[in-house]
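This is input.cif (mmCIF, C-alpha atoms).
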```
data_data
#
loop_
_atom_site.group_PDB
_atom_site.id
_atom_site.type_symbol
_atom_site.label_atom_id
_atom_site.label_comp_id
_atom_site.auth_asym_id
_atom_site.auth_seq_id
_atom_site.Cartn_x
_atom_site.Cartn_y
_atom_site.Cartn_z
ATOM 1 C CA MET J 498 0.000 0.000 0.000
ATOM 2 C CA LYS J 499 2.804 2.388 0.910
ATOM 3 C CA ARG J 500 4.590 1.538 -2.324
ATOM 4 C CA LYS J 501 1.477 2.498 -4.322
ATOM 5 C CA VAL J 502 1.251 5.823 -2.522
ATOM 6 C CA VAL J 503 4.908 6.524 -3.258
ATOM 7 C CA VAL J 504 4.444 5.692 -6.940
ATOM 8 C CA ILE J 505 1.359 7.887 -7.218
ATOM 9 C CA GLY J 506 3.264 10.705 -5.492
ATOM 10 C CA LEU J 507 6.141 10.417 -7.938
ATOM 11 C CA ILE J 508 3.764 10.464 -10.892
ATOM 12 C CA PHE J 509 2.090 13.575 -9.482
ATOM 13 C CA ILE J 510 5.458 15.343 -9.061
ATOM 14 C CA ILE J 511 6.489 14.421 -12.622
ATOM 15 C CA MET J 512 3.205 15.808 -13.949
ATOM 16 C CA ILE J 513 3.842 19.087 -12.114
ATOM 17 C CA LEU J 514 7.353 19.338 -13.514
ATOM 18 C CA VAL J 515 6.150 18.618 -17.073
ATOM 19 C CA SER J 516 3.363 21.182 -16.693
ATOM 20 C CA THR J 517 5.853 23.783 -15.422
ATOM 21 C CA ASN J 518 8.153 23.212 -18.403
ATOM 22 C CA THR J 519 5.213 23.579 -20.762
ATOM 23 C CA TYR J 520 4.675 27.167 -19.657
ATOM 24 C CA ALA J 521 8.352 28.099 -19.469
ATOM 25 C CA ALA J 522 10.058 30.191 -22.148
ATOM 26 C CA PRO J 523 9.973 28.279 -25.468
ATOM 27 C CA LYS J 524 13.148 26.446 -26.439
ATOM 28 C CA SER J 525 13.412 28.425 -29.652
ATOM 29 C CA PRO J 526 13.926 32.075 -30.631
ATOM 30 C CA VAL J 527 10.747 34.127 -30.457
ATOM 31 C CA VAL J 528 11.173 37.642 -31.865
ATOM 32 C CA VAL J 529 8.370 40.132 -31.221
ATOM 33 C CA ILE J 530 7.965 43.868 -31.873
ATOM 34 C CA SER J 531 7.479 44.868 -28.249
ATOM 35 C CA GLU J 532 7.298 48.615 -28.927
ATOM 36 C CA TYR J 533 7.394 51.123 -31.744
ATOM 37 C CA LYS J 534 7.476 54.908 -31.925
ATOM 38 C CA ILE J 535 6.575 57.335 -34.701
ATOM 39 C CA GLU J 536 8.589 60.570 -34.947
ATOM 40 C CA PRO J 537 7.184 63.138 -35.199
ATOM 41 C CA GLU J 538 4.077 61.951 -33.359
ATOM 42 C CA ILE J 539 1.758 63.803 -35.748
ATOM 43 C CA ILE J 540 2.389 63.211 -39.451
ATOM 44 C CA SER J 541 0.417 64.203 -42.532
ATOM 45 C CA PRO J 542 0.304 62.956 -46.134
ATOM 46 C CA GLY J 543 3.392 64.059 -48.059
ATOM 47 C CA GLU J 544 5.688 64.223 -45.002
ATOM 48 C CA ASN J 545 8.828 62.381 -43.875
ATOM 49 C CA PHE J 546 8.863 60.448 -40.603
ATOM 50 C CA LYS J 547 10.741 57.759 -38.664
ATOM 51 C CA ILE J 548 9.577 54.419 -37.276
ATOM 52 C CA LYS J 549 11.648 53.139 -34.347
ATOM 53 C CA LEU J 550 11.060 49.426 -33.736
ATOM 54 C CA THR J 551 12.089 47.556 -30.595
ATOM 55 C CA LEU J 552 12.611 43.822 -31.227
ATOM 56 C CA ASN J 553 12.595 41.499 -28.203
ATOM 57 C CA ASN J 554 13.671 37.870 -28.275
ATOM 58 C CA TYR J 555 11.504 36.158 -25.643
ATOM 59 C CA GLY J 556 12.779 32.665 -26.497
ATOM 60 C CA GLU J 557 15.559 30.607 -24.886
ATOM 61 C CA TYR J 558 17.590 30.382 -28.094
ATOM 62 C CA HIS J 559 19.371 33.137 -29.996
ATOM 63 C CA ALA J 560 17.738 34.500 -33.170
ATOM 64 C CA ARG J 561 20.208 34.659 -36.056
ATOM 65 C CA LYS J 562 20.089 36.448 -39.411
ATOM 66 C CA VAL J 563 16.973 38.405 -38.467
ATOM 67 C CA LYS J 564 15.347 39.965 -41.528
ATOM 68 C CA LEU J 565 12.660 42.654 -41.472
ATOM 69 C CA THR J 566 10.578 43.534 -44.541
ATOM 70 C CA LEU J 567 7.972 46.318 -44.617
ATOM 71 C CA LYS J 568 4.833 45.563 -46.640
ATOM 72 C CA ASP J 569 1.389 47.032 -47.190
ATOM 73 C CA LYS J 570 -0.421 43.742 -46.634
ATOM 74 C CA VAL J 571 0.079 40.151 -45.564
ATOM 75 C CA GLU J 572 0.826 37.728 -48.379
ATOM 76 C CA GLU J 573 -1.745 34.942 -48.683
ATOM 77 C CA GLU J 574 0.887 32.248 -49.151
ATOM 78 C CA LYS J 575 2.640 33.311 -45.942
ATOM 79 C CA ILE J 576 3.096 30.645 -43.248
ATOM 80 C CA PRO J 577 0.498 31.275 -40.482
ATOM 81 C CA THR J 578 1.711 33.273 -37.495
ATOM 82 C CA GLY J 579 3.619 31.239 -34.950
ATOM 83 C CA GLU J 580 4.164 28.185 -37.174
ATOM 84 C CA MET J 581 7.652 27.028 -37.888
ATOM 85 C CA GLN J 582 9.186 26.199 -41.238
ATOM 86 C CA GLU J 583 10.997 22.884 -40.781
ATOM 87 C CA GLU J 584 13.336 22.789 -43.763
ATOM 88 C CA LYS J 585 16.557 24.747 -43.770
ATOM 89 C CA ILE J 586 16.822 27.647 -46.180
ATOM 90 C CA PRO J 587 20.280 28.712 -47.331
ATOM 91 C CA THR J 588 21.239 32.247 -46.406
ATOM 92 C CA SER J 589 21.807 33.149 -50.060
ATOM 93 C CA GLU J 590 18.231 32.148 -50.904
ATOM 94 C CA MET J 591 16.877 34.312 -48.099
ATOM 95 C CA GLN J 592 18.808 37.311 -49.358
ATOM 96 C CA GLU J 593 17.586 36.874 -52.930
ATOM 97 C CA GLU J 594 13.955 37.494 -51.958
ATOM 98 C CA THR J 595 12.606 40.386 -54.008
ATOM 99 C CA GLU J 596 11.531 43.588 -52.326
ATOM 100 C CA THR J 597 7.836 43.964 -51.632
ATOM 101 C CA LYS J 598 6.119 46.990 -53.138
ATOM 102 C CA LEU J 599 4.918 49.715 -50.788
ATOM 103 C CA ASP J 600 2.040 51.765 -52.196
ATOM 104 C CA ASN J 601 1.471 54.185 -49.319
ATOM 105 C CA PHE J 602 4.887 54.601 -47.722
ATOM 106 C CA SER J 603 8.289 54.867 -49.385
ATOM 107 C CA PRO J 604 11.630 54.173 -47.659
ATOM 108 C CA LEU J 605 14.145 57.034 -47.909
ATOM 109 C CA ASN J 606 17.799 56.347 -48.821
ATOM 110 C CA GLN J 607 17.310 52.660 -48.051
ATOM 111 C CA SER J 608 15.213 49.662 -49.063
ATOM 112 C CA ASN J 609 12.251 48.267 -47.146
ATOM 113 C CA VAL J 610 14.444 45.364 -45.972
ATOM 114 C CA LYS J 611 16.736 45.477 -42.935
ATOM 115 C CA TYR J 612 18.932 42.878 -41.260
ATOM 116 C CA VAL J 613 20.078 42.224 -37.697
ATOM 117 C CA SER J 614 22.773 39.585 -37.461
ATOM 118 C CA LEU J 615 21.914 38.366 -33.954
ATOM 119 C CA ILE J 616 19.359 38.954 -31.206
ATOM 120 C CA LYS J 617 20.380 36.975 -28.165
ATOM 121 C CA ALA J 618 17.833 35.261 -25.957
ATOM 122 C CA ASP J 619 16.044 37.639 -23.570
ATOM 123 C CA THR J 620 17.573 40.752 -25.157
ATOM 124 C CA GLU J 621 16.361 43.495 -27.495
ATOM 125 C CA GLU J 622 17.553 45.360 -30.575
ATOM 126 C CA LYS J 623 16.464 48.653 -32.170
ATOM 127 C CA VAL J 624 15.693 49.117 -35.873
ATOM 128 C CA VAL J 625 14.908 52.500 -37.471
ATOM 129 C CA TYR J 626 13.177 53.164 -40.800
ATOM 130 C CA ASP J 627 13.074 56.560 -42.555
ATOM 131 C CA LEU J 628 9.828 56.753 -44.527
ATOM 132 C CA TYR J 629 7.803 59.136 -46.669
ATOM 133 C CA SER J 630 3.999 59.114 -46.739
ATOM 134 C CA SER J 631 2.347 59.503 -50.144
ATOM 135 C CA PRO J 632 0.680 62.905 -50.648
ATOM 136 C CA ASN J 633 -2.264 61.077 -52.263
ATOM 137 C CA MET J 634 -3.193 59.362 -48.998
ATOM 138 C CA LYS J 635 -6.221 60.510 -47.036
ATOM 139 C CA PRO J 636 -6.177 61.099 -43.282
ATOM 140 C CA GLY J 637 -6.794 57.912 -41.318
ATOM 141 C CA ASN J 638 -5.193 54.892 -39.684
ATOM 142 C CA TYR J 639 -3.014 52.692 -41.910
ATOM 143 C CA ASN J 640 -1.605 49.255 -41.152
ATOM 144 C CA LEU J 641 1.991 48.524 -42.038
ATOM 145 C CA VAL J 642 3.111 44.894 -42.066
ATOM 146 C CA VAL J 643 6.532 43.991 -40.659
ATOM 147 C CA SER J 644 7.474 40.567 -42.005
ATOM 148 C CA LEU J 645 10.038 38.844 -39.740
ATOM 149 C CA SER J 646 12.304 35.972 -40.729
ATOM 150 C CA TYR J 647 15.060 34.472 -38.559
ATOM 151 C CA MET J 648 16.717 31.155 -37.738
ATOM 152 C CA ASP J 649 18.074 29.262 -34.750
ATOM 153 C CA SER J 650 21.519 27.700 -34.360
ATOM 154 C CA ASN J 651 20.332 24.555 -36.161
ATOM 155 C CA GLY J 652 19.369 26.502 -39.279
ATOM 156 C CA ARG J 653 15.644 26.139 -38.671
ATOM 157 C CA VAL J 654 13.805 29.161 -40.088
ATOM 158 C CA TYR J 655 10.921 30.991 -38.417
ATOM 159 C CA THR J 656 8.660 33.473 -40.219
ATOM 160 C CA GLU J 657 5.906 35.718 -38.955
ATOM 161 C CA ASP J 658 3.999 38.855 -39.980
ATOM 162 C CA GLN J 659 3.392 41.523 -37.356
ATOM 163 C CA ILE J 660 1.285 44.635 -37.883
ATOM 164 C CA ILE J 661 1.828 48.184 -36.641
ATOM 165 C CA GLY J 662 -0.531 51.135 -37.067
ATOM 166 C CA ILE J 663 0.300 54.588 -38.451
ATOM 167 C CA LEU J 664 -2.133 57.464 -37.935
ATOM 168 C CA LEU J 665 -2.071 60.184 -40.593
ATOM 169 C CA SER J 666 -3.566 63.524 -39.598
ATOM 170 C CA GLU J 667 -4.606 66.240 -42.000
ATOM 171 C CA LYS J 668 -2.716 69.501 -42.088
ATOM 172 C CA GLU J 669 -4.692 72.592 -41.150
ATOM 173 C CA ASN J 670 -7.803 71.970 -43.208
ATOM 174 C CA ILE J 671 -9.357 75.401 -43.318
ATOM 175 C CA LYS J 672 -7.875 78.848 -43.625
ATOM 176 C CA VAL J 673 -9.902 81.854 -42.489
ATOM 177 C CA LEU J 674 -8.752 84.924 -44.414
ATOM 178 C CA GLY J 675 -9.823 88.543 -44.523
ATOM 179 C CA LYS J 676 -9.268 92.016 -43.158
ATOM 180 C CA ASP J 677 -8.204 92.133 -39.498
ATOM 181 C CA ASP J 678 -8.522 95.834 -38.681
ATOM 182 C CA TYR J 679 -11.461 97.972 -39.843
ATOM 183 C CA GLY J 680 -10.029 101.198 -38.388
ATOM 184 C CA ASP J 681 -12.145 104.113 -37.192
ATOM 185 C CA ILE J 682 -15.926 103.816 -37.353
ATOM 186 C CA SER J 683 -18.788 105.833 -35.885
ATOM 187 C CA ILE J 684 -21.095 104.835 -33.052
ATOM 188 C CA GLY J 685 -24.149 103.128 -34.564
ATOM 189 C CA GLU J 686 -22.498 102.747 -37.960
ATOM 190 C CA GLU J 687 -23.062 99.386 -39.659
ATOM 191 C CA VAL J 688 -19.740 98.109 -40.974
ATOM 192 C CA GLU J 689 -19.855 95.315 -43.530
ATOM 193 C CA SER J 690 -17.300 92.721 -42.412
ATOM 194 C CA THR J 691 -16.235 89.752 -44.511
ATOM 195 C CA ILE J 692 -14.193 86.584 -43.950
ATOM 196 C CA ASN J 693 -13.134 84.084 -46.610
ATOM 197 C CA ILE J 694 -13.126 80.366 -45.772
ATOM 198 C CA VAL J 695 -10.876 78.119 -47.874
ATOM 199 C CA ASN J 696 -10.500 74.330 -47.701
ATOM 200 C CA ASN J 697 -6.923 73.777 -48.873
ATOM 201 C CA SER J 698 -6.693 70.156 -47.746
ATOM 202 C CA THR J 699 -6.993 66.985 -49.812
ATOM 203 C CA ALA J 700 -10.031 65.741 -47.883
ATOM 204 C CA GLU J 701 -13.643 66.843 -47.571
ATOM 205 C CA ILE J 702 -14.590 69.010 -44.599
ATOM 206 C CA LYS J 703 -18.013 68.394 -43.080
ATOM 207 C CA GLY J 704 -20.415 70.489 -41.051
ATOM 208 C CA VAL J 705 -18.753 73.895 -41.502
ATOM 209 C CA THR J 706 -20.370 76.403 -39.144
ATOM 210 C CA VAL J 707 -19.570 80.106 -38.641
ATOM 211 C CA SER J 708 -20.217 81.820 -35.306
ATOM 212 C CA VAL J 709 -19.796 85.556 -34.737
ATOM 213 C CA GLU J 710 -19.394 86.649 -31.124
ATOM 214 C CA GLY J 711 -19.186 90.292 -30.068
ATOM 215 C CA GLU J 712 -20.707 93.051 -27.982
ATOM 216 C CA GLY J 713 -24.313 94.124 -28.337
ATOM 217 C CA GLU J 714 -26.087 92.632 -31.320
ATOM 218 C CA ASN J 715 -22.916 91.337 -32.981
ATOM 219 C CA SER J 716 -23.729 87.650 -32.551
ATOM 220 C CA TYR J 717 -24.627 85.314 -35.406
ATOM 221 C CA THR J 718 -24.407 81.621 -36.236
ATOM 222 C CA GLU J 719 -24.763 80.130 -39.693
ATOM 223 C CA TYR J 720 -24.331 76.638 -41.110
ATOM 224 C CA LEU J 721 -22.435 76.522 -44.410
ATOM 225 C CA GLY J 722 -22.424 72.755 -45.047
ATOM 226 C CA ASN J 723 -19.614 70.595 -46.466
ATOM 227 C CA PHE J 724 -16.524 71.814 -48.321
ATOM 228 C CA ASN J 725 -14.779 69.570 -50.845
ATOM 229 C CA SER J 726 -11.048 69.908 -51.387
ATOM 230 C CA GLY J 727 -10.359 73.320 -52.938
ATOM 231 C CA ASP J 728 -13.781 74.777 -52.094
ATOM 232 C CA PHE J 729 -14.055 78.301 -50.717
ATOM 233 C CA ASP J 730 -16.815 80.623 -49.573
ATOM 234 C CA SER J 731 -17.264 84.120 -48.164
ATOM 235 C CA TYR J 732 -19.285 85.041 -45.106
ATOM 236 C CA THR J 733 -20.394 88.661 -44.611
ATOM 237 C CA PHE J 734 -22.069 90.247 -41.610
ATOM 238 C CA ASN J 735 -22.703 93.787 -40.323
ATOM 239 C CA ALA J 736 -20.938 94.901 -37.149
ATOM 240 C CA VAL J 737 -22.377 97.827 -35.192
ATOM 241 C CA PHE J 738 -21.390 99.273 -31.802
ATOM 242 C CA ASP J 739 -23.190 101.695 -29.498
ATOM 243 C CA GLU J 740 -20.229 102.759 -27.353
ATOM 244 C CA LYS J 741 -16.844 104.346 -27.972
ATOM 245 C CA GLY J 742 -13.633 102.409 -27.601
ATOM 246 C CA LYS J 743 -11.569 99.689 -29.191
ATOM 247 C CA LYS J 744 -13.877 96.781 -29.954
ATOM 248 C CA ASN J 745 -13.422 93.371 -31.465
ATOM 249 C CA VAL J 746 -15.530 90.564 -32.836
ATOM 250 C CA ASN J 747 -14.482 86.909 -32.734
ATOM 251 C CA VAL J 748 -15.360 84.814 -35.758
ATOM 252 C CA LYS J 749 -15.191 81.071 -35.102
ATOM 253 C CA VAL J 750 -15.231 78.500 -37.905
ATOM 254 C CA SER J 751 -15.890 74.952 -36.706
ATOM 255 C CA TYR J 752 -15.900 71.759 -38.795
ATOM 256 C CA ILE J 753 -15.354 67.997 -38.770
ATOM 257 C CA ASP J 754 -12.074 66.967 -40.399
ATOM 258 C CA GLY J 755 -11.145 63.821 -42.304
ATOM 259 C CA LEU J 756 -10.581 61.917 -39.033
ATOM 260 C CA ASN J 757 -14.082 62.863 -37.761
ATOM 261 C CA LYS J 758 -12.476 65.178 -35.245
ATOM 262 C CA ASN J 759 -14.175 68.448 -34.297
ATOM 263 C CA THR J 760 -11.870 71.376 -35.027
ATOM 264 C CA GLU J 761 -12.260 75.117 -34.556
ATOM 265 C CA ILE J 762 -10.373 78.107 -35.969
ATOM 266 C CA GLU J 763 -10.819 81.601 -34.566
ATOM 267 C CA LYS J 764 -10.191 84.972 -36.209
ATOM 268 C CA LYS J 765 -10.410 88.326 -34.396
ATOM 269 C CA LEU J 766 -11.652 91.450 -36.191
ATOM 270 C CA ASN J 767 -10.787 94.845 -34.655
ATOM 271 C CA TYR J 768 -12.717 98.137 -34.734
ATOM 272 C CA ASN J 769 -11.990 101.583 -33.258
ATOM 273 C CA VAL J 770 -15.361 103.123 -32.394
ATOM 274 C CA GLU J 771 -15.478 106.944 -32.167
ATOM 275 C CA SER J 772 -18.240 109.525 -32.047
ATOM 276 C CA GLU J 773 -19.043 110.993 -35.450
ATOM 277 C CA ASP J 774 -17.435 114.320 -34.491
ATOM 278 C CA ASN J 775 -14.104 112.602 -33.900
ATOM 279 C CA ILE J 776 -13.991 110.821 -37.242
ATOM 280 C CA ASP J 777 -11.498 112.455 -39.574
ATOM 281 C CA ASN J 778 -13.439 113.308 -42.714
ATOM 282 C CA SER J 779 -11.083 116.078 -43.779
ATOM 283 C CA GLY J 780 -10.343 114.351 -47.039
ATOM 284 C CA ASN J 781 -14.013 114.129 -47.923
ATOM 285 C CA LYS J 782 -14.653 117.719 -46.754
ATOM 286 C CA GLU J 783 -11.820 118.996 -48.932
ATOM 287 C CA LYS J 784 -13.313 117.241 -51.945
ATOM 288 C CA ASP J 785 -16.730 118.707 -51.125
ATOM 289 C CA ASN J 786 -15.279 122.228 -50.766
ATOM 290 C CA ARG J 787 -13.535 121.961 -54.135
ATOM 291 C CA PHE J 788 -16.744 120.807 -55.776
ATOM 292 C CA ILE J 789 -18.704 123.685 -54.202
ATOM 293 C CA ARG J 790 -16.074 126.226 -55.363
ATOM 294 C CA PHE J 791 -16.280 124.780 -58.868
ATOM 295 C CA ILE J 792 -20.090 125.162 -58.940
ATOM 296 C CA LYS J 793 -19.887 128.712 -57.601
ATOM 297 C CA GLY J 794 -17.270 129.661 -60.190
ATOM 298 C CA LEU J 795 -19.318 128.089 -62.945
ATOM 299 C CA PHE J 796 -22.346 130.204 -62.166
ATOM 300 C CA GLY J 797 -20.400 133.335 -61.186
ATOM 301 C CA PHE J 798 -21.158 133.260 -57.477
#
```

Please render this file's structure as structure tokens.
Amino acid sequence: MKRKVVVIGLIFIIMILVSTNTYAAPKSPVVVISEYKIEPEIISPGENFKIKLTLNNYGEYHARKVKLTLKDKVEEEKIPTGEMQEEKIPTSEMQEETETKLDNFSPLNQSNVKYVSLIKADTEEKVVYDLYSSPNMKPGNYNLVVSLSYMDSNGRVYTEDQIIGILLSEKENIKVLGKDDYGDISIGEEVESTINIVNNSTAEIKGVTVSVEGEGENSYTEYLGNFNSGDFDSYTFNAVFDEKGKKNVNVKVSYIDGLNKNTEIEKKLNYNVESEDNIDNSGNKEKDNRFIRFIKGLFGF
């Protein structure tokens, strides 16, 4: 009876040890993109940027001849993620693989393929790509595939596709143009004020709204609708003030950009309000006096 208990105990201990080894670090190289950074953080179509990849080897074996290839999409014939290719592939054959076309992003002064000779077990390596985003791209989130290939000390090759995301933001979508300073005006005088709204981006702008905020009755809101790329429009309103002093009106243009983000641009218009007696009309008076003298001379007065 005691012997049976001892045997059962040994079997139980062996099962625990086997189970523990099952969840230990795999006895193979396992290279993963543990982190990546985009510099600058905000990029737009038609701009240069850097991708800094951090590669970690979480396996127990060293990863040799690590090859990284940037692609727009995963190839259908690719070996499923995590599976291992049993046959050995000569190094020369690996190096002869043709470059994969990138439609959205172009590498600068380099190809889309990079090599790291060795990533030791439980260590990391950094890889940097200099890229250019196509000016024809629209704002949004784009996936970039990093195809990894490496081998262990026995020449066994491992392949895997990993995906990173790149967010493209639109440059300033709308420009609000127009006169900033309307100079001297009279109390109670209605001054026609105009702003020009231009969509100089490559994407459509939605829900364009103009709000005028100022003293007294100088408050308006108007919906202008959607602006396609290259569209422009003018918005005119009358500003009037009932007190002297330096006054201003804030014109706010709000819209939804290509990333469905609410954005607002503000423009300040300035006015110097004076009583009518203080307004310098000497130029006009001089013209009037000359005209009156001409009429008097014409009729002999």

* Structure fact -> Students should find that atom CA of J:Ser630 and atom CA of J:Asn697 are spaced 18.4 Å

* Find the residues around stretch 670-680 of chain J up to 9 Å (only C-alpha atoms counted), leave out those fewer than 4 positions away in its own chain, and share them as a list of chain:residue names. => J:Val688, J:Ser690, J:Thr691, J:Ile692, J:Asn693, J:Ile694, J:Val695, J:Asn696, J:Asn697, J:Ser698, J:Thr699, J:Ala700, J:Glu701, J:Ile702, J:Val750, J:Tyr752, J:Asp754, J:Gly755, J:Ile762, J:Glu763, J:Lys764, J:Lys765, J:Leu766, J:Asn767, J:Tyr768, J:Asn769, J:Val770

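Picture a line from atom CA of J:Ala736 to atom CA of J:Glu689; it runs 6.5 Å.
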
Tell me which residues the PyMOL selection byres ((chain J and resi 524-537) around 8) grabs here, as a compact mmCIF listing (two decimals) with C-alpha atoms, keeping the file's coordinate frame.
```
# COMPACT_ATOMS: atom_id res chain seq x y z
CA ALA J 522 10.06 30.19 -22.15
CA PRO J 523 9.97 28.28 -25.47
CA GLU J 538 4.08 61.95 -33.36
CA ILE J 539 1.76 63.80 -35.75
CA ILE J 540 2.39 63.21 -39.45
CA PHE J 546 8.86 60.45 -40.60
CA LYS J 547 10.74 57.76 -38.66
CA ILE J 548 9.58 54.42 -37.28
CA LYS J 549 11.65 53.14 -34.35
CA LEU J 550 11.06 49.43 -33.74
CA THR J 551 12.09 47.56 -30.60
CA LEU J 552 12.61 43.82 -31.23
CA ASN J 553 12.60 41.50 -28.20
CA ASN J 554 13.67 37.87 -28.28
CA TYR J 555 11.50 36.16 -25.64
CA GLY J 556 12.78 32.66 -26.50
CA GLU J 557 15.56 30.61 -24.89
CA TYR J 558 17.59 30.38 -28.09
CA HIS J 559 19.37 33.14 -30.00
CA ALA J 560 17.74 34.50 -33.17
CA ALA J 618 17.83 35.26 -25.96
CA MET J 648 16.72 31.16 -37.74
CA ASP J 649 18.07 29.26 -34.75
CA GLN J 659 3.39 41.52 -37.36
CA ILE J 661 1.83 48.18 -36.64
CA ILE J 663 0.30 54.59 -38.45
```

* One decimal, Å: what's the distance from atom CA of J:Tyr717 over to atom CA of J:Phe734, could you say? => 8.3 Å

* I would like the residues chosen by the PyMOL selection byres ((chain J and resi 631-633) around 6) on the shown file; could you give them as a ChimeraX atom specification? => /J:542-543,601,630,634

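Within 7 Å of the point (18.7, 36.5, -39.1) in file coordinates, and counting only C-alpha atoms, lie the residues Ala560, Arg561, Lys562, Val563, Lys564, Tyr612, Val613, Ser614, Leu615, Ser646, Tyr647 and Met648 of chain J.
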
* **Picked residues, the PyMOL selection byres ((chain J and resi 628) around 7), expected as an MDAnalysis selection string** => chainID J and resid 545:547 602:605 626:627 629:630

* To do: Would you kindly return, as an MDAnalysis selection string, each protein, DNA or RNA residue with an atom no farther than 7 Å from any atom of J:Gly637, considering only C-alpha atoms and excluding same-chain residues fewer than 6 positions away?
  => chainID J and resid 664:666 756
